[in-house]
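Asks: My structure is stored as model_37.cif, with mmCIF, C-alpha atoms.
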data_data
#
loop_
_atom_site.label_atom_id
_atom_site.label_comp_id
_atom_site.auth_asym_id
_atom_site.auth_seq_id
_atom_site.Cartn_x
_atom_site.Cartn_y
_atom_site.Cartn_z
CA MET A 133 19.10 -44.35 -16.31
CA ASP A 134 21.15 -41.58 -17.93
CA PHE A 135 24.03 -39.96 -16.20
CA ASP A 136 25.31 -36.59 -17.28
CA PHE A 137 28.58 -35.74 -15.67
CA SER A 138 28.82 -32.38 -17.43
CA VAL A 139 27.27 -30.96 -14.25
CA ILE A 140 30.67 -31.56 -12.62
CA THR A 141 32.66 -29.76 -15.30
CA ASP A 142 30.11 -26.93 -15.36
CA HIS A 143 30.63 -26.33 -11.66
CA ALA A 144 34.30 -27.31 -11.54
CA ARG A 145 35.48 -24.01 -10.11
CA PHE A 146 32.76 -23.95 -7.44
CA LEU A 147 33.53 -27.52 -6.36
CA ALA A 148 37.27 -26.91 -6.45
CA SER A 149 36.85 -23.98 -4.04
CA GLY A 150 35.09 -26.47 -1.75
CA VAL A 151 38.07 -28.82 -1.91
CA GLY A 152 40.29 -25.86 -1.00
CA VAL A 153 38.18 -25.02 2.05
CA THR A 154 38.09 -28.70 3.08
CA LEU A 155 41.88 -28.92 2.92
CA ALA A 156 42.40 -25.59 4.70
CA LEU A 157 39.97 -26.51 7.49
CA ALA A 158 41.49 -29.98 7.85
CA ALA A 159 45.06 -28.64 7.94
CA LEU A 160 44.27 -25.86 10.43
CA SER A 161 42.17 -27.98 12.76
CA GLY A 162 44.72 -30.78 12.50
CA VAL A 163 47.47 -28.45 13.72
CA THR A 164 45.40 -26.81 16.48
CA SER A 165 44.15 -30.22 17.68
CA ILE A 166 47.61 -31.72 17.87
CA VAL A 167 49.05 -28.70 19.72
CA ALA A 168 46.09 -28.55 22.11
CA GLY A 169 46.20 -32.34 22.51
CA LEU A 170 49.89 -32.28 23.40
CA VAL A 171 49.27 -29.61 26.03
CA LEU A 172 46.27 -31.51 27.42
CA ALA A 173 48.22 -34.78 27.58
CA LEU A 174 51.21 -33.23 29.34
CA LEU A 175 48.94 -31.48 31.83
CA ARG A 176 47.06 -34.71 32.40
CA LEU A 177 50.28 -36.62 33.00
CA TYR A 178 52.33 -34.06 34.90
CA GLY A 179 49.99 -31.20 35.83
CA PRO A 180 48.62 -30.33 39.27
CA ARG A 181 46.05 -32.77 40.63
CA VAL A 182 43.03 -30.45 40.39
CA LEU A 183 43.75 -29.66 36.76
CA ARG A 184 44.23 -33.35 36.00
CA ALA A 185 40.72 -34.26 37.15
CA GLY A 186 39.25 -31.44 35.05
CA ILE A 187 41.12 -32.55 31.95
CA VAL A 188 40.07 -36.18 32.37
CA PHE A 189 36.45 -35.02 32.66
CA TYR A 190 36.75 -32.85 29.55
CA ILE A 191 38.37 -35.63 27.51
CA ASP A 192 35.80 -38.24 28.52
CA SER A 193 32.93 -35.83 27.89
CA MET A 194 34.12 -35.09 24.38
CA ARG A 195 34.27 -38.82 23.69
CA ALA A 196 30.56 -38.93 24.54
CA ILE A 197 29.21 -36.00 22.51
CA PRO A 198 28.85 -36.22 18.70
CA VAL A 199 30.94 -33.80 16.65
CA LEU A 200 27.76 -32.62 14.91
CA VAL A 201 26.41 -31.49 18.27
CA VAL A 202 29.69 -29.74 19.15
CA LEU A 203 29.73 -27.91 15.80
CA VAL A 204 26.09 -26.85 15.96
CA TRP A 205 26.51 -25.72 19.56
CA THR A 206 29.66 -23.72 18.77
CA PHE A 207 28.05 -22.00 15.82
CA PHE A 208 24.53 -21.30 17.14
CA ALA A 209 24.69 -21.37 20.94
CA LEU A 210 28.16 -20.05 21.76
CA PRO A 211 27.43 -16.60 20.24
CA ILE A 212 24.30 -16.35 22.42
CA ALA A 213 26.23 -17.38 25.52
CA THR A 214 29.22 -15.12 24.91
CA GLY A 215 27.90 -12.37 22.64
CA LEU A 216 30.58 -13.14 20.06
CA THR A 217 29.46 -13.97 16.53
CA MET A 218 31.78 -15.96 14.32
CA PRO A 219 31.84 -16.78 10.64
CA PRO A 220 31.09 -20.48 10.03
CA PHE A 221 34.69 -21.32 9.15
CA TRP A 222 36.05 -20.15 12.51
CA ALA A 223 33.20 -21.76 14.40
CA ALA A 224 34.02 -25.01 12.60
CA LEU A 225 37.71 -24.64 13.46
CA ILE A 226 36.88 -24.13 17.14
CA GLY A 227 34.30 -26.93 17.19
CA LEU A 228 36.58 -29.42 15.45
CA THR A 229 39.48 -28.53 17.74
CA LEU A 230 37.28 -28.93 20.82
CA HIS A 231 36.26 -32.33 19.51
CA LEU A 232 39.60 -33.61 18.19
CA ALA A 233 42.08 -32.29 20.78
CA PRO A 234 40.97 -34.88 23.39
CA TYR A 235 41.63 -37.67 20.88
CA ALA A 236 45.08 -36.26 20.16
CA ALA A 237 45.67 -36.02 23.92
CA GLU A 238 44.76 -39.67 24.42
CA ILE A 239 47.10 -40.68 21.60
CA VAL A 240 50.00 -38.74 23.15
CA ARG A 241 49.25 -40.16 26.59
CA ALA A 242 49.16 -43.73 25.29
CA GLY A 243 52.48 -43.11 23.52
CA VAL A 244 54.16 -41.66 26.59
CA GLU A 245 52.85 -44.42 28.83
CA SER A 246 54.11 -47.06 26.39
CA VAL A 247 57.70 -45.99 27.07
CA ARG A 248 58.93 -48.13 29.97
CA PRO A 249 59.42 -46.31 33.29
CA GLY A 250 63.01 -47.58 33.39
CA GLN A 251 63.81 -45.11 30.63
CA THR A 252 62.81 -42.12 32.75
CA ARG A 253 64.60 -43.56 35.77
CA ALA A 254 67.77 -44.08 33.76
CA ALA A 255 67.57 -40.52 32.45
CA VAL A 256 67.09 -39.14 35.95
CA ALA A 257 69.97 -41.33 37.20
CA LEU A 258 72.16 -39.76 34.52
CA GLY A 259 71.45 -36.37 36.03
CA MET A 260 68.63 -35.11 33.83
CA SER A 261 65.80 -33.17 35.38
CA ARG A 262 62.30 -34.59 35.05
CA ALA A 263 61.41 -32.05 32.34
CA GLN A 264 64.58 -32.93 30.46
CA ALA A 265 63.82 -36.64 30.67
CA VAL A 266 60.33 -36.05 29.26
CA ARG A 267 61.60 -33.78 26.51
CA ARG A 268 64.69 -35.70 25.45
CA ILE A 269 63.94 -39.33 26.27
CA LEU A 270 60.19 -39.90 26.54
CA LEU A 271 58.64 -37.66 23.88
CA PRO A 272 61.00 -38.54 20.98
CA GLN A 273 60.20 -42.25 21.38
CA ALA A 274 56.52 -41.64 22.13
CA ILE A 275 56.04 -39.44 19.07
CA VAL A 276 57.40 -42.07 16.69
CA ARG A 277 55.17 -44.72 18.24
CA THR A 278 52.08 -42.54 17.93
CA LEU A 279 52.56 -41.83 14.21
CA PRO A 280 50.05 -44.46 12.98
CA ALA A 281 47.43 -43.18 15.42
CA PHE A 282 48.05 -39.59 14.32
CA GLY A 283 47.69 -40.76 10.73
CA SER A 284 44.21 -42.07 11.43
CA LEU A 285 43.43 -38.90 13.39
CA LEU A 286 44.36 -36.90 10.30
CA SER A 287 42.01 -38.96 8.18
CA VAL A 288 39.27 -38.56 10.81
CA THR A 289 39.90 -34.80 10.71
CA ILE A 290 39.38 -34.66 6.95
CA LYS A 291 36.21 -36.74 7.27
CA ASP A 292 34.89 -34.57 10.10
CA THR A 293 35.29 -31.38 8.08
CA ALA A 294 32.41 -32.70 5.95
CA ILE A 295 30.16 -32.38 9.00
CA ALA A 296 30.94 -28.65 9.05
CA SER A 297 28.57 -28.47 6.07
CA VAL A 298 25.67 -28.40 8.57
CA ILE A 299 26.85 -24.98 9.77
CA ALA A 300 27.25 -23.78 6.18
CA VAL A 301 31.03 -23.85 5.88
CA PRO A 302 31.53 -23.75 2.09
CA GLU A 303 33.65 -26.92 1.99
CA LEU A 304 33.31 -29.77 -0.49
CA MET A 305 30.27 -31.41 1.13
CA ARG A 306 28.36 -28.12 1.32
CA GLN A 307 29.29 -27.11 -2.23
CA SER A 308 28.19 -30.54 -3.46
CA GLU A 309 24.83 -30.15 -1.71
CA THR A 310 24.39 -26.77 -3.38
CA VAL A 311 25.25 -28.06 -6.85
CA ALA A 312 23.12 -31.18 -6.34
CA GLY A 313 20.17 -29.06 -5.27
CA GLN A 314 20.45 -26.60 -8.15
CA SER A 315 21.11 -29.12 -10.90
CA PHE A 316 18.72 -31.85 -9.71
CA GLN A 317 21.51 -34.34 -10.40
CA PRO A 318 22.36 -35.57 -6.92
CA ILE A 319 23.66 -38.94 -8.09
CA GLU A 320 26.36 -37.50 -10.34
CA VAL A 321 27.34 -34.81 -7.84
CA TYR A 322 27.45 -37.00 -4.73
CA SER A 323 29.23 -39.82 -6.55
CA PHE A 324 31.83 -37.32 -7.70
CA ALA A 325 32.19 -36.00 -4.15
CA MET A 326 32.75 -39.59 -2.98
CA LEU A 327 35.51 -39.98 -5.52
CA VAL A 328 37.19 -36.75 -4.40
CA TYR A 329 37.03 -37.63 -0.71
CA PHE A 330 38.39 -41.10 -1.42
CA VAL A 331 41.26 -39.65 -3.45
CA LEU A 332 42.02 -37.22 -0.60
CA LEU A 333 41.79 -39.79 2.19
CA PHE A 334 43.22 -43.00 0.80
CA PRO A 335 46.79 -41.66 0.27
CA VAL A 336 46.76 -40.17 3.79
CA THR A 337 46.16 -43.51 5.51
CA ARG A 338 48.50 -45.35 3.16
CA GLY A 339 51.20 -42.68 3.22
CA VAL A 340 51.34 -42.53 7.00
CA ASP A 341 51.59 -46.33 7.23
CA ARG A 342 54.43 -46.38 4.74
CA PHE A 343 56.28 -43.54 6.48
CA TYR A 344 55.84 -45.25 9.84
CA ARG A 345 57.36 -48.49 8.57
CA ARG A 346 60.45 -46.51 7.66
CA VAL A 347 60.85 -44.77 11.04
CA ALA A 348 59.39 -47.42 13.38
CA HIS A 349 62.86 -48.47 14.56
CA LEU A 350 63.40 -45.00 16.06
CA GLY A 351 60.62 -45.64 18.55
CA ARG A 352 61.91 -48.98 19.79
CA SER A 353 63.67 -49.23 23.06
CA MET B 171 19.75 -12.32 27.53
CA THR B 172 16.91 -14.20 29.16
CA LEU B 173 17.02 -17.95 29.23
CA ASP B 174 13.95 -20.08 29.57
CA TRP B 175 14.92 -23.62 30.44
CA SER B 176 11.31 -24.73 30.88
CA VAL B 177 11.19 -25.17 27.12
CA VAL B 178 13.31 -28.32 27.51
CA TRP B 179 10.89 -29.93 29.94
CA ALA B 180 7.89 -28.80 27.86
CA HIS B 181 9.23 -30.76 24.88
CA ARG B 182 10.33 -33.81 26.83
CA ASP B 183 8.16 -36.11 24.73
CA ALA B 184 9.89 -35.10 21.49
CA LEU B 185 13.32 -35.44 23.10
CA LEU B 186 12.44 -38.81 24.57
CA ALA B 187 11.19 -40.08 21.22
CA GLY B 188 14.43 -38.85 19.63
CA THR B 189 16.49 -40.60 22.28
CA VAL B 190 14.63 -43.85 21.66
CA THR B 191 15.29 -43.57 17.92
CA THR B 192 18.98 -42.88 18.56
CA ILE B 193 19.26 -45.98 20.72
CA PHE B 194 17.30 -48.03 18.20
CA LEU B 195 19.59 -46.90 15.37
CA THR B 196 22.70 -47.79 17.36
CA VAL B 197 21.44 -51.24 18.33
CA ALA B 198 19.98 -52.08 14.92
CA THR B 199 23.10 -50.93 13.05
CA MET B 200 25.36 -53.03 15.25
CA ALA B 201 22.99 -56.02 14.93
CA ILE B 202 23.39 -55.77 11.15
CA ALA B 203 27.04 -54.77 11.04
CA VAL B 204 28.50 -57.52 13.23
CA PRO B 205 27.29 -60.53 11.18
CA CYS B 206 27.86 -58.66 7.91
CA GLY B 207 31.33 -57.65 9.11
CA ILE B 208 32.17 -61.27 9.87
CA VAL B 209 31.02 -62.31 6.39
CA VAL B 210 33.04 -59.56 4.67
CA ALA B 211 36.13 -60.36 6.76
CA ALA B 212 35.78 -64.07 5.94
CA LEU B 213 35.43 -63.28 2.24
CA ARG B 214 38.54 -61.10 2.45
CA LEU B 215 40.58 -63.75 4.22
CA TYR B 216 39.39 -66.99 2.68
CA GLY B 217 37.42 -66.10 -0.47
CA PRO B 218 38.54 -66.65 -4.06
CA ALA B 219 40.74 -63.87 -5.48
CA PRO B 220 38.07 -61.78 -7.26
CA VAL B 221 35.74 -61.90 -4.24
CA ARG B 222 38.65 -60.97 -2.02
CA ALA B 223 39.43 -57.95 -4.19
CA LEU B 224 35.79 -56.88 -4.15
CA ALA B 225 35.54 -57.18 -0.36
CA THR B 226 38.80 -55.24 0.06
CA ALA B 227 37.54 -52.52 -2.27
CA TYR B 228 34.29 -52.21 -0.30
CA VAL B 229 36.09 -51.95 3.05
CA GLU B 230 38.66 -49.43 1.82
CA LEU B 231 36.02 -47.32 0.07
CA PHE B 232 33.71 -46.95 3.06
CA ARG B 233 36.53 -46.46 5.54
CA ASN B 234 37.74 -43.56 3.45
CA LEU B 235 34.47 -41.67 3.03
CA PRO B 236 32.84 -39.17 5.37
CA LEU B 237 29.71 -40.81 6.80
CA ILE B 238 27.60 -37.70 6.20
CA LEU B 239 28.32 -38.05 2.46
CA VAL B 240 27.33 -41.73 2.55
CA VAL B 241 24.07 -40.70 4.22
CA PHE B 242 23.27 -38.18 1.47
CA TRP B 243 24.35 -40.62 -1.19
CA ALA B 244 22.13 -43.36 0.24
CA PHE B 245 19.23 -40.93 0.41
CA TYR B 246 19.42 -40.00 -3.27
CA VAL B 247 20.97 -43.06 -4.88
CA LEU B 248 19.52 -46.10 -3.07
CA PRO B 249 15.93 -45.47 -4.25
CA ILE B 250 17.16 -45.27 -7.84
CA LEU B 251 19.46 -48.28 -7.61
CA THR B 252 16.94 -50.51 -5.88
CA GLY B 253 13.74 -49.03 -7.28
CA VAL B 254 12.27 -49.08 -3.77
CA GLY B 255 11.49 -45.86 -1.96
CA LEU B 256 12.85 -46.29 1.56
CA SER B 257 11.83 -44.25 4.57
CA PRO B 258 14.46 -41.86 5.93
CA LEU B 259 14.88 -44.15 8.93
CA ALA B 260 15.61 -47.19 6.74
CA THR B 261 17.93 -45.11 4.55
CA GLY B 262 19.82 -43.83 7.58
CA LEU B 263 20.07 -47.35 8.93
CA ALA B 264 21.39 -48.61 5.59
CA ALA B 265 24.03 -45.86 5.44
CA LEU B 266 25.15 -46.49 9.01
CA ALA B 267 25.24 -50.26 8.44
CA LEU B 268 27.29 -49.88 5.23
CA ASN B 269 29.79 -47.75 7.11
CA VAL B 270 30.06 -49.79 10.31
CA THR B 271 30.18 -53.11 8.43
CA ALA B 272 33.34 -51.91 6.70
CA TYR B 273 34.94 -50.95 10.03
CA ASN B 274 33.87 -54.20 11.68
CA ALA B 275 35.18 -56.28 8.78
CA GLU B 276 38.58 -54.63 9.23
CA THR B 277 38.41 -55.24 12.99
CA PHE B 278 37.65 -58.94 12.53
CA ARG B 279 40.31 -59.34 9.88
CA ALA B 280 42.98 -57.60 11.94
CA GLY B 281 41.95 -59.57 15.02
CA LEU B 282 42.25 -62.92 13.26
CA ASN B 283 45.51 -61.90 11.61
CA SER B 284 46.97 -60.83 14.94
CA ILE B 285 47.07 -64.45 16.11
CA ARG B 286 50.44 -65.77 15.03
CA ARG B 287 50.42 -68.35 12.26
CA GLY B 288 52.39 -70.75 14.45
CA GLN B 289 49.25 -71.25 16.53
CA THR B 290 47.31 -72.62 13.55
CA GLU B 291 50.29 -74.70 12.49
CA ALA B 292 50.66 -76.15 15.98
CA ALA B 293 46.94 -76.97 16.10
CA MET B 294 47.15 -78.69 12.73
CA ALA B 295 50.27 -80.57 13.80
CA LEU B 296 48.18 -81.89 16.69
CA GLY B 297 45.77 -83.32 14.14
CA MET B 298 43.09 -80.61 13.97
CA GLY B 299 41.52 -79.65 10.66
CA ARG B 300 41.87 -76.09 9.36
CA LEU B 301 38.34 -75.18 10.45
CA GLN B 302 38.78 -76.85 13.81
CA ALA B 303 42.02 -74.94 14.42
CA LEU B 304 40.27 -71.70 13.50
CA ARG B 305 37.30 -72.41 15.73
CA ARG B 306 39.09 -73.79 18.76
CA VAL B 307 42.46 -72.03 18.74
CA VAL B 308 42.40 -68.82 16.70
CA VAL B 309 38.90 -67.43 17.30
CA PRO B 310 38.89 -67.72 21.11
CA GLN B 311 42.12 -65.71 21.26
CA ALA B 312 41.05 -63.23 18.60
CA VAL B 313 37.82 -62.48 20.51
CA ARG B 314 39.85 -60.93 23.32
CA ARG B 315 41.45 -58.50 20.90
CA ILE B 316 38.31 -57.81 18.89
CA THR B 317 35.95 -57.05 21.78
CA PRO B 318 37.61 -53.77 22.93
CA VAL B 319 37.72 -52.47 19.34
CA LEU B 320 34.06 -53.36 18.81
CA ALA B 321 33.27 -51.52 22.03
CA SER B 322 34.87 -48.30 20.83
CA THR B 323 33.21 -48.72 17.44
CA TRP B 324 29.94 -48.92 19.36
CA VAL B 325 30.53 -45.54 21.01
CA SER B 326 31.56 -43.97 17.68
CA LEU B 327 28.42 -45.40 16.12
CA PHE B 328 26.27 -44.02 18.92
CA LYS B 329 27.65 -40.56 18.15
CA ASP B 330 27.50 -41.01 14.39
CA THR B 331 23.77 -41.72 14.48
CA SER B 332 23.42 -37.93 14.89
CA LEU B 333 24.52 -37.57 11.26
CA VAL B 334 21.34 -39.12 9.86
CA SER B 335 19.54 -36.01 11.12
CA VAL B 336 20.54 -34.39 7.80
CA ILE B 337 18.01 -36.58 5.98
CA ALA B 338 15.31 -35.85 8.59
CA VAL B 339 15.48 -39.07 10.59
CA GLY B 340 13.81 -38.17 13.89
CA GLU B 341 16.63 -39.10 16.23
CA LEU B 342 17.85 -37.01 19.15
CA ALA B 343 19.78 -34.35 17.20
CA TYR B 344 16.95 -33.89 14.70
CA ALA B 345 14.29 -33.79 17.41
CA ALA B 346 16.19 -31.18 19.42
CA MET B 347 16.87 -29.02 16.38
CA GLN B 348 13.21 -29.21 15.36
CA VAL B 349 12.16 -27.90 18.77
CA ARG B 350 14.81 -25.21 18.45
CA ALA B 351 13.34 -24.14 15.10
CA GLN B 352 9.80 -24.03 16.51
CA THR B 353 10.57 -22.23 19.76
CA PHE B 354 13.66 -20.18 18.86
CA ARG B 355 15.15 -21.20 22.23
CA VAL B 356 18.47 -21.92 20.55
CA LEU B 357 20.88 -21.96 23.49
CA GLU B 358 18.53 -23.93 25.73
CA MET B 359 17.67 -26.63 23.19
CA LEU B 360 21.20 -27.08 21.85
CA THR B 361 22.58 -27.30 25.37
CA ALA B 362 19.88 -29.80 26.32
CA MET B 363 20.78 -31.83 23.22
CA ALA B 364 24.46 -31.86 24.17
CA ALA B 365 23.58 -32.75 27.77
CA LEU B 366 21.38 -35.66 26.68
CA TYR B 367 24.11 -37.05 24.43
CA TRP B 368 26.54 -36.63 27.29
CA LEU B 369 24.24 -38.46 29.73
CA LEU B 370 23.90 -41.34 27.31
CA GLY B 371 27.45 -41.39 25.99
CA TYR B 372 29.56 -40.77 29.09
CA PRO B 373 28.75 -44.10 30.79
CA GLN B 374 29.35 -45.86 27.48
CA ALA B 375 32.79 -44.25 27.12
CA LYS B 376 33.63 -45.30 30.68
CA LEU B 377 32.39 -48.83 29.99
CA VAL B 378 34.68 -48.99 26.95
CA ASP B 379 37.64 -48.00 29.13
CA TRP B 380 36.74 -50.78 31.54
CA ILE B 381 36.44 -53.35 28.75
CA GLN B 382 39.78 -52.24 27.35
CA ARG B 383 41.45 -52.59 30.73
CA ARG B 384 39.85 -55.96 31.30
CA TYR B 385 40.78 -57.40 27.94
CA ALA B 386 44.21 -55.81 27.76
CA VAL B 387 46.60 -58.26 26.18
CA THR B 388 50.01 -58.22 27.77
CA GLU B 389 52.70 -60.06 25.91
#
In structure tokens, what does this structure look like?

Replies:
Amino acid sequence: MDFDFSVITDHARFLASGVGVTLALAALSGVTSIVAGLVLALLRLYGPRVLRAGIVFYIDSMRAIPVLVVLVWTFFALPIATGLTMPPFWAALIGLTLHLAPYAAEIVRAGVESVRPGQTRAAVALGMSRAQAVRRILLPQAIVRTLPAFGSLLSVTIKDTAIASVIAVPELMRQSETVAGQSFQPIEVYSFAMLVYFVLLFPVTRGVDRFYRRVAHLGRS
Amino acid sequence: MTLDWSVVWAHRDALLAGTVTTIFLTVATMAIAVPCGIVVAALRLYGPAPVRALATAYVELFRNLPLILVVFWAFYVLPILTGVGLSPLATGLAALALNVTAYNAETFRAGLNSIRRGQTEAAMALGMGRLQALRRVVVPQAVRRITPVLASTWVSLFKDTSLVSVIAVGELAYAAMQVRAQTFRVLEMLTAMAALYWLLGYPQAKLVDWIQRRYAVTE
């Protein structure tokens, strides 16, 4: 068995552009998911009753449908349903956000619910309004406690961007498939892609854990 | 835009066969990944140093790789490494099992580690052997913490089986997309696919919530 890794150096620029798209998609969908998740969680916790039921249904539904299905549906079916066509990157951003925001919402909710009710009561007793208590007492503690979970969500986000390859987003997975197909050297190309993903993902999980250990005391009460 | 939903019913056999394959993949992967996960976790916790390092490397590697890449890698590399040409189904199963085994191993390890060391020490002070203490004191408590995690891994696995469609394993996603390609009823077939996954997955997600409530550890 001969391996010839020159295929990697020959296509270095092409593969590097894939890494760029992977990182951009992960960063963007990470931000949109966290923002949407925060809104969903707050509405689920404090919103009007009708809205609450709808949000619970949406969150549980998204836990049941594979991200591949969400991405394919967003890219191929949504344009038919709405008449709007989107480039793959934006479809992937929407699909990933639809899929990941419920997870972010559940993380926020678990964090908020982990703060003892006495804290809110004490804040209200001190004269804070309910919104103030949430903003100044609950959320700061909850956010620190949810850091490890958000760290794994970030790593899930990076992994899920690879699934966007099925709707032809030119990220690392897709570019690797292209190079593997053209060069007939799938082993070298896919093994290299594995290395790159590992190098991207491993520091994320480790870095978040290390950062959390430093700030964990801020979440204790 | 005219929609023709009869196409879904007309291809019910293909969708049903895909659903069966999806369920088979989920069950078979878990059946492989639970015992293998226990072995890997045991090697990581109690094995000699080099074995421990190897087991740790395996777990960390597969937990930090996108599954879709593992599927492609298994499709192209396993036949060359093993010299045996595997069917797409067996390849998909192998990729899923490699991935879930790593997650399960971490679940078992974390579960066992979560039982305070004082428990083992107390058991040994009462005259139990190390194995006896593990079997009668640590494991029964760890099971309560491991079960809810295994349950959510199960739901993730159920969804992740859709990823083996990229190597033409005829599970639900592949079956639905094949019908879509033949009939060009894109919106209908993709919606039916999502609905079928929802029908199968929603009760499972609810069941996981129930298990998590039931096994909640309050300290």

Asks: Given the point (32.4, -46.1, 19.7) in the file's coordinates, find the residues that have an atom at most 12 Å from it, counting all atoms listed in the file, and give them as a PDB file with C-alpha atoms, keeping the file's coordinate frame.

Replies:
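So selection17.pdb came out as:
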ATOM      1  CA  ARG A 195      34.270 -38.820  23.690  1.00  0.00           C
ATOM      2  CA  ALA A 196      30.560 -38.930  24.540  1.00  0.00           C
ATOM      3  CA  ILE A 197      29.210 -36.000  22.510  1.00  0.00           C
ATOM      4  CA  PRO A 198      28.850 -36.220  18.700  1.00  0.00           C
TER       5      PRO A 198
ATOM      6  CA  THR B 196      22.700 -47.790  17.360  1.00  0.00           C
ATOM      7  CA  MET B 200      25.360 -53.030  15.250  1.00  0.00           C
ATOM      8  CA  VAL B 270      30.060 -49.790  10.310  1.00  0.00           C
ATOM      9  CA  TYR B 273      34.940 -50.950  10.030  1.00  0.00           C
ATOM     10  CA  ASN B 274      33.870 -54.200  11.680  1.00  0.00           C
ATOM     11  CA  THR B 317      35.950 -57.050  21.780  1.00  0.00           C
ATOM     12  CA  PRO B 318      37.610 -53.770  22.930  1.00  0.00           C
ATOM     13  CA  VAL B 319      37.720 -52.470  19.340  1.00  0.00           C
ATOM     14  CA  LEU B 320      34.060 -53.360  18.810  1.00  0.00           C
ATOM     15  CA  ALA B 321      33.270 -51.520  22.030  1.00  0.00           C
ATOM     16  CA  SER B 322      34.870 -48.300  20.830  1.00  0.00           C
ATOM     17  CA  THR B 323      33.210 -48.720  17.440  1.00  0.00           C
ATOM     18  CA  TRP B 324      29.940 -48.920  19.360  1.00  0.00           C
ATOM     19  CA  VAL B 325      30.530 -45.540  21.010  1.00  0.00           C
ATOM     20  CA  SER B 326      31.560 -43.970  17.680  1.00  0.00           C
ATOM     21  CA  LEU B 327      28.420 -45.400  16.120  1.00  0.00           C
ATOM     22  CA  PHE B 328      26.270 -44.020  18.920  1.00  0.00           C
ATOM     23  CA  LYS B 329      27.650 -40.560  18.150  1.00  0.00           C
ATOM     24  CA  ASP B 330      27.500 -41.010  14.390  1.00  0.00           C
ATOM     25  CA  THR B 331      23.770 -41.720  14.480  1.00  0.00           C
ATOM     26  CA  GLY B 371      27.450 -41.390  25.990  1.00  0.00           C
ATOM     27  CA  TYR B 372      29.560 -40.770  29.090  1.00  0.00           C
ATOM     28  CA  PRO B 373      28.750 -44.100  30.790  1.00  0.00           C
ATOM     29  CA  GLN B 374      29.350 -45.860  27.480  1.00  0.00           C
ATOM     30  CA  ALA B 375      32.790 -44.250  27.120  1.00  0.00           C
ATOM     31  CA  LYS B 376      33.630 -45.300  30.680  1.00  0.00           C
ATOM     32  CA  LEU B 377      32.390 -48.830  29.990  1.00  0.00           C
ATOM     33  CA  VAL B 378      34.680 -48.990  26.950  1.00  0.00           C
ATOM     34  CA  ASP B 379      37.640 -48.000  29.130  1.00  0.00           C
TER      35      ASP B 379
END

Asks: Kindly provide the residues of stretch 209-326 of chain A that approach stretch 139-158 of chain A to within 7 Å, each paired with its closest atom pair and their distance in Å to one decimal, based on all atoms listed in the file, listed by chain and increasing number, as a tab-separated table.

Replies:
residue	atom	partner	partner_atom	distance
A:Leu225	CA	A:Leu157	CA	6.7
A:Thr289	CA	A:Ala158	CA	5.8
A:Ile290	CA	A:Ala158	CA	5.2
A:Thr293	CA	A:Thr154	CA	6.3
A:Pro302	CA	A:Gly150	CA	5.9
A:Glu303	CA	A:Gly150	CA	4.0
A:Leu304	CA	A:Gly150	CA	4.0
A:Gln307	CA	A:Gly150	CA	5.9
A:Ser308	CA	A:Leu147	CA	6.8
A:Val321	CA	A:Ile140	CA	6.7

Asks: Select, from A:Ser323, A:Ser161, A:Ile269, A:Leu333, the residue with the minimum atom-to-atom distance to A:Arg248, counting all atoms listed in the file.

Replies: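 Of all the options, A:Ile269 lies closest to A:Arg248.
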
Asks: I need the contact residues of chain A against chain B, so if you could list those with any atom within 8 Å, counting all atoms listed in the file, and return them as a short mmCIF file (atom, residue, chain, number, x, y, z; two decimals) with C-alpha atoms, in the frame of the given file, that would help.

Replies:
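Full text of result_7.cif as output:
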data_model
loop_
_atom_site.label_atom_id
_atom_site.label_comp_id
_atom_site.auth_asym_id
_atom_site.auth_seq_id
_atom_site.Cartn_x
_atom_site.Cartn_y
_atom_site.Cartn_z
CA ASP A 192 35.80 -38.24 28.52
CA SER A 193 32.93 -35.83 27.89
CA ARG A 195 34.27 -38.82 23.69
CA ALA A 196 30.56 -38.93 24.54
CA ILE A 197 29.21 -36.00 22.51
CA PRO A 198 28.85 -36.22 18.70
CA VAL A 199 30.94 -33.80 16.65
CA LEU A 200 27.76 -32.62 14.91
CA VAL A 201 26.41 -31.49 18.27
CA VAL A 202 29.69 -29.74 19.15
CA VAL A 204 26.09 -26.85 15.96
CA TRP A 205 26.51 -25.72 19.56
CA PHE A 208 24.53 -21.30 17.14
CA ALA A 209 24.69 -21.37 20.94
CA LEU A 210 28.16 -20.05 21.76
CA ILE A 212 24.30 -16.35 22.42
CA ALA A 213 26.23 -17.38 25.52
CA SER A 287 42.01 -38.96 8.18
CA LYS A 291 36.21 -36.74 7.27
CA ASP A 292 34.89 -34.57 10.10
CA ALA A 294 32.41 -32.70 5.95
CA ILE A 295 30.16 -32.38 9.00
CA VAL A 298 25.67 -28.40 8.57
CA MET A 305 30.27 -31.41 1.13
CA PRO A 318 22.36 -35.57 -6.92
CA ILE A 319 23.66 -38.94 -8.09
CA TYR A 322 27.45 -37.00 -4.73
CA SER A 323 29.23 -39.82 -6.55
CA ALA A 325 32.19 -36.00 -4.15
CA MET A 326 32.75 -39.59 -2.98
CA TYR A 329 37.03 -37.63 -0.71
CA PHE A 330 38.39 -41.10 -1.42
CA LEU A 333 41.79 -39.79 2.19
CA PHE A 334 43.22 -43.00 0.80
#

Asks: Which residue out of A:Ala224, A:Leu270, A:Val331, A:Ile166 has the minimum interatomic distance to A:Val244 when all atoms listed in the file are used?

Replies: A:Leu270

Asks: Quick one: residues within 9 Å of B:Leu263, all atoms listed in the file, excluding same-chain residues fewer than 5 positions away - as a PyMOL selection string?

Replies: chain B and resi 195-196+198-199+258+268+331+334
